[in-house]
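Q: Structure file target_18.txt, compact mmCIF, C-alpha atoms and all ligand atoms, is pasted below:
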# COMPACT_ATOMS: atom_id res chain seq x y z
CA MET M 1 152.93 89.26 49.95
CA LYS M 2 151.37 92.65 50.58
CA TYR M 3 153.99 95.00 51.98
CA SER M 4 153.23 98.06 54.04
CA LYS M 5 152.87 101.34 52.19
CA ARG M 6 155.49 102.76 54.48
CA ILE M 7 158.23 100.24 53.63
CA SER M 8 157.51 100.56 49.92
CA THR M 9 158.53 104.22 50.05
CA LEU M 10 162.10 103.39 51.06
CA GLU M 11 164.58 103.41 48.21
CA GLU M 12 167.82 101.58 47.81
CA SER M 13 170.74 103.95 47.87
CA LEU M 14 171.87 105.26 44.48
CA THR M 15 175.39 104.31 45.45
CA ILE M 16 174.49 100.63 45.20
CA ALA M 17 174.84 100.70 41.40
CA ILE M 18 178.46 101.76 41.74
CA SER M 19 179.34 99.44 44.60
CA SER M 20 177.84 96.39 42.86
CA LEU M 21 179.71 97.28 39.66
CA ALA M 22 182.92 97.60 41.72
CA ARG M 23 182.24 94.19 43.27
CA ASP M 24 181.62 92.58 39.85
CA LEU M 25 184.82 94.05 38.44
CA LYS M 26 186.79 92.83 41.45
CA ALA M 27 185.28 89.34 41.03
CA GLN M 28 186.50 89.40 37.42
CA GLY M 29 190.00 90.02 38.76
CA LYS M 30 190.18 93.75 38.02
CA ASP M 31 192.32 95.82 40.37
CA VAL M 32 189.78 98.25 41.88
CA LEU M 33 190.75 101.17 44.11
CA SER M 34 187.79 102.33 46.13
CA PHE M 35 187.38 105.86 47.44
CA SER M 36 183.78 105.36 48.42
CA ALA M 37 184.27 104.42 52.07
CA GLY M 38 182.36 106.35 54.69
CA GLU M 39 184.62 105.06 57.43
CA PRO M 40 188.18 105.48 58.68
CA ASP M 41 190.65 102.80 57.63
CA PHE M 42 192.25 102.92 61.12
CA ASP M 43 191.79 100.25 63.74
CA THR M 44 189.88 101.12 66.92
CA PRO M 45 192.29 102.39 69.62
CA LYS M 46 193.77 99.55 71.71
CA ILE M 47 192.63 101.00 75.01
CA ILE M 48 189.02 100.77 73.80
CA LYS M 49 189.42 97.21 72.56
CA ASP M 50 191.06 96.20 75.86
CA GLU M 51 188.16 97.67 77.79
CA ALA M 52 185.71 95.67 75.66
CA ILE M 53 187.62 92.47 76.42
CA ARG M 54 187.62 93.37 80.11
CA ALA M 55 183.84 93.90 79.95
CA ILE M 56 183.34 90.46 78.39
CA ASN M 57 185.63 88.72 80.86
CA SER M 58 184.01 90.39 83.83
CA GLY M 59 180.59 89.21 82.69
CA PHE M 60 179.24 92.62 81.70
CA THR M 61 177.04 90.90 79.17
CA LYS M 62 173.48 91.47 80.30
CA TYR M 63 170.69 93.88 79.42
CA THR M 64 171.31 97.41 80.60
CA GLN M 65 169.21 100.52 81.04
CA VAL M 66 167.63 101.25 77.61
CA SER M 67 169.21 104.69 77.17
CA GLY M 68 172.68 103.49 78.23
CA ILE M 69 174.53 102.83 81.48
CA ASN M 70 174.91 105.81 83.73
CA GLU M 71 178.73 105.95 83.48
CA LEU M 72 178.42 106.23 79.70
CA LEU M 73 175.75 108.94 79.86
CA VAL M 74 177.95 110.85 82.33
CA ALA M 75 180.96 110.47 79.99
CA ILE M 76 178.90 111.84 77.07
CA SER M 77 177.56 114.70 79.17
CA ASN M 78 181.13 115.61 80.26
CA LYS M 79 182.44 115.37 76.70
CA LEU M 80 179.68 117.61 75.37
CA LYS M 81 180.37 120.16 78.12
CA SER M 82 184.14 120.22 77.83
CA GLU M 83 184.61 119.84 74.07
CA ASN M 84 181.41 121.34 72.65
CA ASN M 85 180.24 123.85 75.23
CA LEU M 86 176.89 122.04 75.34
CA ASP M 87 175.13 121.70 78.65
CA TYR M 88 173.24 118.38 78.71
CA GLU M 89 172.56 116.37 81.84
CA PRO M 90 172.97 112.57 81.59
CA ASN M 91 169.17 112.19 81.61
CA GLU M 92 168.97 114.43 78.52
CA ILE M 93 170.93 111.89 76.46
CA ILE M 94 170.03 108.54 74.89
CA VAL M 95 172.51 106.12 73.30
CA SER M 96 171.46 104.17 70.20
CA ASN M 97 172.98 101.77 67.68
CA GLY M 98 174.95 104.40 65.78
CA ALA M 99 174.01 107.97 64.89
CA LYS M 100 171.91 106.56 62.07
CA HIS M 101 169.70 104.80 64.59
CA SER M 102 169.55 107.96 66.73
CA LEU M 103 168.34 109.86 63.66
CA PHE M 104 165.78 107.18 62.83
CA ASN M 105 164.34 107.40 66.34
CA VAL M 106 164.37 111.20 66.38
CA PHE M 107 162.54 111.43 63.04
CA ALA M 108 160.08 108.79 64.24
CA ALA M 109 159.38 110.90 67.31
CA LEU M 110 159.00 114.20 65.47
CA VAL M 111 157.79 113.75 61.90
CA ASP M 112 154.08 113.46 61.22
CA SER M 113 152.43 113.09 57.87
CA GLY M 114 152.73 116.35 55.91
CA ASP M 115 155.44 117.87 58.10
CA GLU M 116 158.18 119.63 56.17
CA VAL M 117 161.83 119.04 56.92
CA ILE M 118 164.36 121.45 55.48
CA ILE M 119 167.50 119.71 54.24
CA PRO M 120 170.41 121.64 52.71
CA SER M 121 171.62 119.95 49.52
CA PRO M 122 173.98 118.17 48.94
CA TYR M 123 172.93 116.03 51.90
CA TRP M 124 173.75 112.75 53.53
CA VAL M 125 171.60 110.17 51.76
CA THR M 126 169.69 108.92 54.78
CA TYR M 127 167.83 112.11 55.80
CA PRO M 128 165.30 112.33 52.94
CA GLU M 129 164.64 108.59 53.13
CA LEU M 130 163.78 108.86 56.82
CA VAL M 131 161.59 111.89 56.23
CA ARG M 132 159.67 110.03 53.52
CA TYR M 133 159.44 106.87 55.62
CA PHE M 134 157.67 108.80 58.37
CA GLY M 135 155.33 110.55 55.93
CA GLY M 136 157.04 113.93 55.90
CA LYS M 137 158.19 116.05 53.01
CA SER M 138 161.81 117.05 52.41
CA ILE M 139 162.33 120.64 51.35
CA PHE M 140 165.79 120.92 49.84
CA ILE M 141 167.79 124.12 49.84
CA GLU M 142 170.23 124.00 46.94
CA THR M 143 173.62 125.32 47.98
CA ASP M 144 176.34 126.72 45.82
CA GLU M 145 180.01 125.81 45.59
CA ASP M 146 180.84 129.54 45.73
CA ASN M 147 179.24 129.67 49.18
CA ASP M 148 181.13 126.54 50.27
CA PHE M 149 177.92 124.51 49.88
CA LYS M 150 176.38 126.23 52.90
CA ILE M 151 172.92 127.75 53.25
CA ASN M 152 172.46 131.36 54.29
CA ALA M 153 169.75 133.18 56.22
CA SER M 154 167.78 134.37 53.22
CA GLN M 155 167.69 130.90 51.67
CA LEU M 156 166.47 129.52 54.97
CA ARG M 157 163.81 132.21 55.31
CA ALA M 158 162.53 131.47 51.81
CA ALA M 159 162.24 127.74 52.52
CA ILE M 160 160.15 128.08 55.67
CA THR M 161 156.39 127.51 55.47
CA PRO M 162 153.75 127.02 58.18
CA LYS M 163 154.38 123.28 57.80
CA THR M 164 158.11 123.47 58.53
CA LYS M 165 158.95 121.33 61.53
CA ILE M 166 162.68 120.61 61.35
CA LEU M 167 165.88 122.01 59.91
CA VAL M 168 168.67 119.46 59.46
CA LEU M 169 172.22 120.77 59.75
CA THR M 170 175.29 118.62 59.12
CA SER M 171 178.56 120.22 60.09
CA PRO M 172 181.17 119.13 59.14
CA SER M 173 179.25 118.00 56.10
CA ASN M 174 179.10 114.67 54.37
CA PRO M 175 179.69 114.95 51.39
CA THR M 176 181.37 118.40 51.21
CA GLY M 177 183.43 118.59 54.42
CA MET M 178 182.30 122.17 54.97
CA VAL M 179 181.86 123.55 58.49
CA TYR M 180 179.44 126.26 59.65
CA SER M 181 181.15 129.04 61.61
CA LYS M 182 179.65 130.52 64.74
CA ASP M 183 178.65 133.66 62.83
CA GLU M 184 176.92 131.61 60.15
CA LEU M 185 174.98 129.70 62.80
CA LEU M 186 174.04 132.97 64.49
CA SER M 187 172.66 134.33 61.23
CA LEU M 188 170.58 131.18 60.72
CA TYR M 189 169.37 131.58 64.28
CA GLU M 190 168.11 135.08 63.50
CA VAL M 191 165.67 133.42 61.07
CA LEU M 192 164.73 130.59 63.41
CA LYS M 193 164.21 132.61 66.58
CA ASP M 194 160.65 133.69 65.81
CA THR M 195 159.59 130.18 64.82
CA ASP M 196 159.21 126.89 66.67
CA ILE M 197 161.40 125.03 64.19
CA ILE M 198 163.47 122.25 65.69
CA VAL M 199 167.09 121.86 64.56
CA VAL M 200 168.51 118.37 64.17
CA SER M 201 172.25 118.99 64.27
CA ASP M 202 174.26 116.03 63.03
CA GLU M 203 177.74 116.53 64.46
CA ILE M 204 179.15 113.05 63.82
CA TYR M 205 182.31 114.45 62.13
CA GLU M 206 182.82 117.26 64.65
CA ARG M 207 186.15 116.06 66.00
CA LEU M 208 187.59 115.75 62.48
CA VAL M 209 188.38 119.38 61.68
CA TYR M 210 191.63 120.73 60.25
CA ASP M 211 193.86 123.80 60.21
CA ASN M 212 193.08 124.52 63.86
CA ILE M 213 189.64 125.81 62.97
CA SER M 214 187.41 125.78 65.99
CA PHE M 215 184.22 123.82 65.58
CA THR M 216 181.02 125.38 66.92
CA SER M 217 178.21 123.10 68.00
CA THR M 218 174.84 124.41 66.87
CA GLY M 219 173.33 124.28 70.36
CA SER M 220 176.25 126.17 71.88
CA ILE M 221 175.51 129.53 70.28
CA ASN M 222 172.81 130.54 72.77
CA ASN M 223 170.25 129.13 75.14
CA ASP M 224 167.29 129.29 72.78
CA MET M 225 169.25 127.45 70.10
CA LEU M 226 170.22 124.82 72.68
CA ASN M 227 166.56 124.35 73.63
CA ARG M 228 165.42 123.87 70.04
CA THR M 229 168.35 121.67 68.95
CA ILE M 230 168.69 117.92 69.07
CA THR M 231 172.37 117.12 68.96
CA ILE M 232 173.36 113.92 67.19
CA ASN M 233 176.83 112.49 67.56
CA GLY M 234 178.66 109.20 68.02
CA LEU M 235 182.00 107.45 67.95
CA SER M 236 182.00 105.87 64.48
CA LYS M 237 184.01 108.44 62.57
CA ALA M 238 186.51 110.10 64.91
CA VAL M 239 187.28 107.08 67.06
CA ALA M 240 187.27 104.52 64.22
CA MET M 241 184.40 102.57 65.78
CA THR M 242 181.97 102.17 62.87
CA GLY M 243 181.33 98.49 63.58
CA TRP M 244 180.68 98.95 67.29
CA ARG M 245 177.43 100.87 66.69
CA MET M 246 177.42 103.70 69.15
CA GLY M 247 175.62 106.97 68.56
CA TYR M 248 173.60 109.31 70.69
CA ALA M 249 170.94 112.01 70.70
CA ALA M 250 170.86 114.81 73.26
CA SER M 251 168.01 117.20 73.91
CA LYS M 252 166.96 119.62 76.63
CA ASP M 253 163.42 118.33 76.09
CA LYS M 254 163.24 115.51 78.61
CA THR M 255 159.86 114.41 77.26
CA LEU M 256 161.46 113.80 73.87
CA ILE M 257 164.21 111.75 75.51
CA LYS M 258 161.52 109.75 77.35
CA MET M 259 159.69 109.14 74.05
CA LEU M 260 162.89 108.04 72.34
CA ASN M 261 163.43 105.76 75.30
CA ASN M 262 159.93 104.29 74.90
CA LEU M 263 160.48 103.67 71.19
CA GLN M 264 163.86 102.08 71.76
CA SER M 265 162.54 99.97 74.63
CA GLN M 266 160.00 98.47 72.20
CA SER M 267 162.46 97.95 69.36
CA THR M 268 166.16 97.38 70.03
CA SER M 269 166.47 98.08 73.81
CA ASN M 270 169.95 99.04 74.95
CA ILE M 271 172.91 98.97 72.59
CA ASN M 272 175.26 96.11 73.34
CA SER M 273 176.66 96.25 76.84
CA ILE M 274 180.28 95.70 75.77
CA THR M 275 180.28 98.63 73.35
CA GLN M 276 178.89 100.79 76.13
CA LYS M 277 181.77 100.05 78.51
CA ALA M 278 184.37 100.45 75.77
CA SER M 279 182.86 103.69 74.44
CA ILE M 280 183.56 105.49 77.72
CA PHE M 281 187.26 105.36 76.76
CA GLY M 282 186.47 107.05 73.46
CA LEU M 283 184.86 109.95 75.29
CA ASN M 284 186.81 110.59 78.48
CA GLY M 285 190.15 111.57 76.97
CA ASP M 286 191.90 108.21 77.37
CA ALA M 287 192.02 107.67 73.60
CA LYS M 288 192.97 111.29 72.91
CA MET M 289 196.42 110.45 71.56
CA ASP M 290 194.97 107.95 69.09
CA ILE M 291 192.28 110.37 67.98
CA ASP M 292 194.86 113.15 67.55
CA ASN M 293 196.94 110.78 65.41
CA PHE M 294 193.92 109.98 63.24
CA ILE M 295 193.24 113.68 62.77
CA SER M 296 196.88 114.40 61.82
CA ALA M 297 196.87 111.55 59.31
CA PHE M 298 193.57 112.77 57.80
CA ASN M 299 194.99 116.28 57.60
CA ILE M 300 198.02 115.09 55.60
CA ARG M 301 195.83 112.97 53.32
CA ARG M 302 193.41 115.84 52.78
CA ASP M 303 196.22 118.20 51.75
CA LEU M 304 197.68 115.57 49.44
CA ALA M 305 194.40 114.65 47.74
CA TYR M 306 193.33 118.31 47.47
CA LYS M 307 196.58 119.28 45.75
CA LEU M 308 196.67 116.29 43.39
CA ILE M 309 193.04 116.75 42.32
CA ASN M 310 193.45 120.48 41.70
CA ASP M 311 196.60 119.74 39.67
CA ILE M 312 194.31 118.02 37.16
CA LYS M 313 193.29 120.80 34.80
CA LEU M 314 189.65 119.89 34.28
CA LEU M 315 188.86 119.16 37.91
CA ASN M 316 188.52 121.46 40.83
CA VAL M 317 187.68 121.04 44.46
CA ARG M 318 187.27 123.24 47.53
CA LEU M 319 189.43 122.58 50.55
CA PRO M 320 187.23 120.79 53.10
CA GLN M 321 187.58 122.00 56.67
CA GLY M 322 186.39 118.76 58.19
CA ALA M 323 185.27 115.12 57.72
CA PHE M 324 187.21 112.98 55.21
CA TYR M 325 185.69 113.75 51.83
CA LEU M 326 186.47 115.89 48.81
CA PHE M 327 183.44 116.94 46.77
CA ILE M 328 184.99 117.32 43.33
CA ASN M 329 183.53 119.42 40.55
CA ILE M 330 183.47 117.34 37.34
CA LYS M 331 181.25 119.63 35.26
CA LYS M 332 183.96 120.35 32.69
CA ILE M 333 184.20 116.64 31.91
CA ASN M 334 180.74 115.17 32.36
CA PRO M 335 177.99 116.77 34.43
CA ASP M 336 176.28 113.37 34.71
CA SER M 337 177.99 112.12 37.85
CA MET M 338 176.60 108.59 37.63
CA ALA M 339 177.84 108.16 34.04
CA PHE M 340 181.23 109.62 35.02
CA CYS M 341 181.58 107.21 37.97
CA LYS M 342 180.57 104.15 35.93
CA ASP M 343 182.93 104.99 33.09
CA LEU M 344 185.84 105.77 35.43
CA LEU M 345 185.26 102.51 37.27
CA GLU M 346 185.09 100.44 34.09
CA LYS M 347 188.09 102.04 32.44
CA GLU M 348 190.43 102.67 35.35
CA GLY M 349 189.05 100.68 38.29
CA VAL M 350 188.51 103.73 40.50
CA ALA M 351 185.32 103.81 42.59
CA LEU M 352 183.91 107.22 43.60
CA VAL M 353 180.41 108.13 44.76
CA PRO M 354 178.33 110.16 42.28
CA GLY M 355 177.13 113.53 43.56
CA VAL M 356 173.61 112.75 42.35
CA ALA M 357 173.34 110.29 45.28
CA PHE M 358 173.66 113.32 47.58
CA GLY M 359 171.22 115.37 45.52
CA MET M 360 173.81 117.28 43.50
CA ASP M 361 174.88 116.23 40.04
CA GLY M 362 178.10 117.54 38.49
CA TYR M 363 180.17 116.43 41.48
CA VAL M 364 181.70 113.24 42.83
CA ARG M 365 182.66 112.35 46.39
CA PHE M 366 186.18 111.13 47.01
CA SER M 367 186.88 109.68 50.47
CA PHE M 368 190.44 110.19 51.67
CA ALA M 369 190.00 107.70 54.51
CA CYS M 370 192.70 105.50 52.95
CA SER M 371 196.50 105.43 52.68
CA GLU M 372 198.56 108.13 50.98
CA GLU M 373 199.79 105.47 48.52
CA GLN M 374 196.23 104.65 47.55
CA ILE M 375 195.36 108.34 47.19
CA LYS M 376 198.34 108.87 44.86
CA ALA M 377 197.63 105.73 42.82
CA GLY M 378 193.92 106.54 42.51
CA ILE M 379 194.43 110.14 41.42
CA THR M 380 197.08 109.06 38.91
CA ARG M 381 194.42 106.81 37.38
CA ILE M 382 191.82 109.61 37.40
CA ASP M 383 194.33 111.86 35.65
CA ARG M 384 194.99 109.18 33.02
CA TYR M 385 191.27 108.60 32.54
CA ILE M 386 190.71 112.28 31.79
CA ALA M 387 193.78 112.51 29.54
CA ASN M 388 192.47 109.60 27.46
CA LEU M 389 188.97 111.01 26.96
C1 LIG F 401 176.43 112.68 58.21
C2 LIG F 401 176.35 111.33 58.84
N1 LIG F 401 175.55 111.15 59.89
C3 LIG F 401 175.43 109.97 60.48
C4 LIG F 401 176.14 108.86 60.03
C5 LIG F 401 175.92 107.55 60.72
O1 LIG F 401 176.96 107.14 61.52
P1 LIG F 401 176.83 105.90 62.50
O2 LIG F 401 175.47 105.33 62.36
O3 LIG F 401 177.90 104.95 62.11
O4 LIG F 401 177.07 106.47 63.88
C6 LIG F 401 176.99 109.01 58.92
C7 LIG F 401 177.71 107.83 58.39
O5 LIG F 401 178.08 107.76 57.24
C8 LIG F 401 177.11 110.27 58.33
O6 LIG F 401 177.92 110.46 57.28
Here is the file; what I need is its structure written in the form of structure tokens.
A:
Amino acid sequence: MKYSKRISTLEESLTIAISSLARDLKAQGKDVLSFSAGEPDFDTPKIIKDEAIRAINSGFTKYTQVSGINELLVAISNKLKSENNLDYEPNEIIVSNGAKHSLFNVFAALVDSGDEVIIPSPYWVTYPELVRYFGGKSIFIETDEDNDFKINASQLRAAITPKTKILVLTSPSNPTGMVYSKDELLSLYEVLKDTDIIVVSDEIYERLVYDNISFTSTGSINNDMLNRTITINGLSKAVAMTGWRMGYAASKDKTLIKMLNNLQSQSTSNINSITQKASIFGLNGDAKMDIDNFISAFNIRRDLAYKLINDIKLLNVRLPQGAFYLFINIKKINPDSMAFCKDLLEKEGVALVPGVAFGMDGYVRFSFACSEEQIKAGITRIDRYIANL
């Protein structure tokens, strides 16, 4: 069969090697502790599940408006106003099958062959694949642990060329958990303001921030930034709804929203009607207590994992301000993160994600979206692995 050139550019994720090894070891009866999950271990709040059951029983099971039912768009608009200081009308929002789908559609609508997309590294694995799929070119800005893995204005300025179309920002970051402050965003804006660069701001982890730090949405810093930003968010991470597939894109450019609508109307149409009804309860404050409990539990787990990892002499890690990952420096042991992960998995049955999958070798990603017992048991094994080297 002759496949399209476009599909042939897509690569399987580098993390597959580790997850298939973990699966093989499990099948052989080995006790494997996995810290590779990109999702909360909590169950979806009951009030949301009950609403989904109500939607099914009341027959809310038909096609809906492609971009989402009005009540849902209003709930998103209200959430963005009250929690994020972002002023989007319901008709400036489109709901898709998870933030990943929102990003796919947004890149489809914006990236032409030869366009450059600036992506700070380490990055979430999907961005460069999407850029390549749509014929664009990823321009990576290498960040430094000493700068909390964040880009600064001069790095951004140096990366811009006449072909630059988009800057991708992920705050809080997957894989580092770092969060851009308002001042940092303002200094990036100083570079962007004389350009027509679009910012795709992936804020999927925005509710998961710790130590009472206040999260600043990229588009909230001023009106020009709002106009050039496409805000991406969803319910997967903070509301423990990964399987429900609900994400959204918001933009002041109504033509873009219309184009996203056209694309979605010809591909997946609306997201499932039941998820739409249920999602309203993840946005309007009704699940606030559950979400607050998730955040408190993540905070305790973060502190625990951070302390235990830093107690291991040859490892060090920065304290993440958000999300549920530690990005651990393993350079003193083995700068080859894939080799480190394979060896650790084979010898001690601990699955981590190699930093090279996120574009930065010398680090591994540890997800603390699991119980405190598992965190303690896993880090005890990591400690033993290093002691036995
Ligand atoms: C940075 C980032 N953006 C987007 C997503 C996609 O989330 P979803 O498609 O479940 O909404 C993820 C999931 O891992 C992520 O880490």
Q: Using all atoms listed in the file - which residues lie no farther than 8 Å from the point (158.6, 114.2, 53.4) in the file's frame? Write them as an mmCIF file with C-alpha atoms, in the frame of the given file.
A:
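Generated file (part09.cif):
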data_model
loop_
_atom_site.group_PDB
_atom_site.id
_atom_site.type_symbol
_atom_site.label_atom_id
_atom_site.label_comp_id
_atom_site.auth_asym_id
_atom_site.auth_seq_id
_atom_site.Cartn_x
_atom_site.Cartn_y
_atom_site.Cartn_z
ATOM 1 C CA SER M 113 152.430 113.090 57.870
ATOM 2 C CA GLY M 114 152.730 116.350 55.910
ATOM 3 C CA ASP M 115 155.440 117.870 58.100
ATOM 4 C CA GLU M 116 158.180 119.630 56.170
ATOM 5 C CA VAL M 117 161.830 119.040 56.920
ATOM 6 C CA PRO M 128 165.300 112.330 52.940
ATOM 7 C CA VAL M 131 161.590 111.890 56.230
ATOM 8 C CA ARG M 132 159.670 110.030 53.520
ATOM 9 C CA TYR M 133 159.440 106.870 55.620
ATOM 10 C CA PHE M 134 157.670 108.800 58.370
ATOM 11 C CA GLY M 135 155.330 110.550 55.930
ATOM 12 C CA GLY M 136 157.040 113.930 55.900
ATOM 13 C CA LYS M 137 158.190 116.050 53.010
ATOM 14 C CA SER M 138 161.810 117.050 52.410
ATOM 15 C CA ILE M 139 162.330 120.640 51.350
#
Q: Could you give me the residues within 7 Å of ligand LIG 401 (chain F), counting only C-alpha atoms and all ligand atoms, as a list of chain:residue names?
A: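 The distance check yields M:Gly38, M:Asn97, M:Gly98, M:Ala99, M:Lys100, M:His101, M:Trp124, M:Thr170, M:Ser173, M:Asn174, M:Asp202, M:Ile204, M:Gly234, M:Leu235, M:Ser236, M:Thr242, M:Arg245, M:Met246, M:Gly247.
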Q: Please, what distance in Å, to one decimal, runs between CA of Arg301 in chain M and CA of Glu348 in chain M?
A: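 Calculated distance between CA of Arg301 in chain M and CA of Glu348 in chain M is 21.4 Å.
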Q: Compile the contact shell of range 308-312 of chain M as a list in words: residues with an atom at most 10 Å away, counting all atoms listed in the file, same-chain residues fewer than 5 positions apart removed.
A: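 Listed by chain and then number, they are Arg302, Asp303, Val317, Arg318, Leu319, Leu326, Ile328, Ile375, Lys376, Ile379, Thr380, Ile382, Asp383, Arg384, Ile386 and Ala387 of chain M.
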Q: Pick the closest to Leu80 in chain M from M:Tyr3, M:Tyr248, M:Phe107, M:Phe294: which is it, counting only C-alpha atoms?
A: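 Answer, going by the shortest atom-to-atom distance: M:Tyr248.
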Q: Can you tell me how far CA of Pro172 in chain M sits from CA of Glu51 in chain M, in Å to one decimal?
A: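 Going from CA of Pro172 in chain M over to CA of Glu51 in chain M, I get 29.3 Å.
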Q: For a cut-off of 10 Å around (194.8, 104.6, 67.5), file coordinates, pick out all residues using only C-alpha atoms and list them as a list in words.
A: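 Here is the list of nearby residues: Phe42, Asp43, Thr44, Pro45, Lys46, Ile47, Ile48, Val239, Ala240, Ala287, Lys288, Met289, Asp290, Ile291, Asp292, Asn293 and Phe294 of chain M.
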Q: Could you tell me how far CA of Gly219 in chain M sits from CA of Leu86 in chain M, in Å to one decimal place?
A: 6.5 Å
Q: Any idea what's packed within 12 Å of Lys332 in chain M, counting all atoms listed in the file, ignoring anything in its chain fewer than 6 positions away? Could you give it as an MDAnalysis selection string?
A: chainID M and resid 312:316 340 362:363 386
Q: Keeping C-alpha atoms, export the residues of the selection given above as a PDB file, keeping the file's coordinate frame.
A:
ATOM      1  CA  ILE M 312     194.310 118.020  37.160  1.00  0.00           C
ATOM      2  CA  LYS M 313     193.290 120.800  34.800  1.00  0.00           C
ATOM      3  CA  LEU M 314     189.650 119.890  34.280  1.00  0.00           C
ATOM      4  CA  LEU M 315     188.860 119.160  37.910  1.00  0.00           C
ATOM      5  CA  ASN M 316     188.520 121.460  40.830  1.00  0.00           C
ATOM      6  CA  PHE M 340     181.230 109.620  35.020  1.00  0.00           C
ATOM      7  CA  GLY M 362     178.100 117.540  38.490  1.00  0.00           C
ATOM      8  CA  TYR M 363     180.170 116.430  41.480  1.00  0.00           C
ATOM      9  CA  ILE M 386     190.710 112.280  31.790  1.00  0.00           C
TER      10      ILE M 386
END
Q: Within 8 Å of Ser273 in chain M, counting all atoms listed in the file, which residues qualify if same-chain residues fewer than 5 places away don't, as a PyMOL selection string?
A: chain M and resi 60-64
Q: Between M:Val95, M:Leu110, M:Met241, M:Ala37, single out the one closest to Gln65 in chain M, counting only C-alpha atoms.
A: M:Val95
Q: Identify which of the residues M:Val179, M:Phe327, M:Gly378, M:Tyr88 lies closest to Asn223 in chain M, counting all atoms listed in the file when measuring atom-to-atom distances.
A: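 Ranking M:Val179, M:Phe327, M:Gly378, M:Tyr88 by distance to Asn223 in chain M, first place goes to M:Tyr88.
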Q: Tell me which protein, DNA and RNA residues are within 9 Å of range 320-325 of chain M, counting only C-alpha atoms, leaving out same-chain ones fewer than 6 positions away, and put them as a ChimeraX atom specification.
A: /M:38-40,148,171-179,204-211,213,237-238,298-299,301-302,306,365-369
Q: Can you spit out the residues from that selection as a tab-separated table (two decimals), in the frame of the given file, using C-alpha atoms?
A:
chain	number	residue	atom	x	y	z
M	38	GLY	CA	182.36	106.35	54.69
M	39	GLU	CA	184.62	105.06	57.43
M	40	PRO	CA	188.18	105.48	58.68
M	148	ASP	CA	181.13	126.54	50.27
M	171	SER	CA	178.56	120.22	60.09
M	172	PRO	CA	181.17	119.13	59.14
M	173	SER	CA	179.25	118.00	56.10
M	174	ASN	CA	179.10	114.67	54.37
M	175	PRO	CA	179.69	114.95	51.39
M	176	THR	CA	181.37	118.40	51.21
M	177	GLY	CA	183.43	118.59	54.42
M	178	MET	CA	182.30	122.17	54.97
M	179	VAL	CA	181.86	123.55	58.49
M	204	ILE	CA	179.15	113.05	63.82
M	205	TYR	CA	182.31	114.45	62.13
M	206	GLU	CA	182.82	117.26	64.65
M	207	ARG	CA	186.15	116.06	66.00
M	208	LEU	CA	187.59	115.75	62.48
M	209	VAL	CA	188.38	119.38	61.68
M	210	TYR	CA	191.63	120.73	60.25
M	211	ASP	CA	193.86	123.80	60.21
M	213	ILE	CA	189.64	125.81	62.97
M	237	LYS	CA	184.01	108.44	62.57
M	238	ALA	CA	186.51	110.10	64.91
M	298	PHE	CA	193.57	112.77	57.80
M	299	ASN	CA	194.99	116.28	57.60
M	301	ARG	CA	195.83	112.97	53.32
M	302	ARG	CA	193.41	115.84	52.78
M	306	TYR	CA	193.33	118.31	47.47
M	365	ARG	CA	182.66	112.35	46.39
M	366	PHE	CA	186.18	111.13	47.01
M	367	SER	CA	186.88	109.68	50.47
M	368	PHE	CA	190.44	110.19	51.67
M	369	ALA	CA	190.00	107.70	54.51
Q: For a quick check of understanding, using all atoms listed in the file, which of M:Asp196, M:Arg228, M:Lys163, M:Ala75 has the smallest distance to Asp112 in chain M?
A: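 Looking at the shortest contact to Asp112 in chain M, the residue is M:Lys163.
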Q: Near Met360 in chain M, counting only C-alpha atoms, which residues have an atom at most 9 Å away, once you skip same-chain residues fewer than 5 positions from it, shown as a list in words?
A: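 The residues that qualify are Ser121, Pro122, Tyr123, Glu142, Ser337, Pro354 and Gly355 of chain M.
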Q: Rank nothing, just name the residue among M:Ser214, M:Asn329, M:Thr229, M:Ser269 nearest to Glu83 in chain M, using only C-alpha atoms.
A: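 Result for the nearest residue to Glu83 in chain M: M:Ser214.
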Q: Could you check which of M:Ser201, M:Ser96, M:Asn147, M:Asn70 is closest to Ile166 in chain M, using only C-alpha atoms?
A: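 Smallest distance to Ile166 in chain M is found for M:Ser201.
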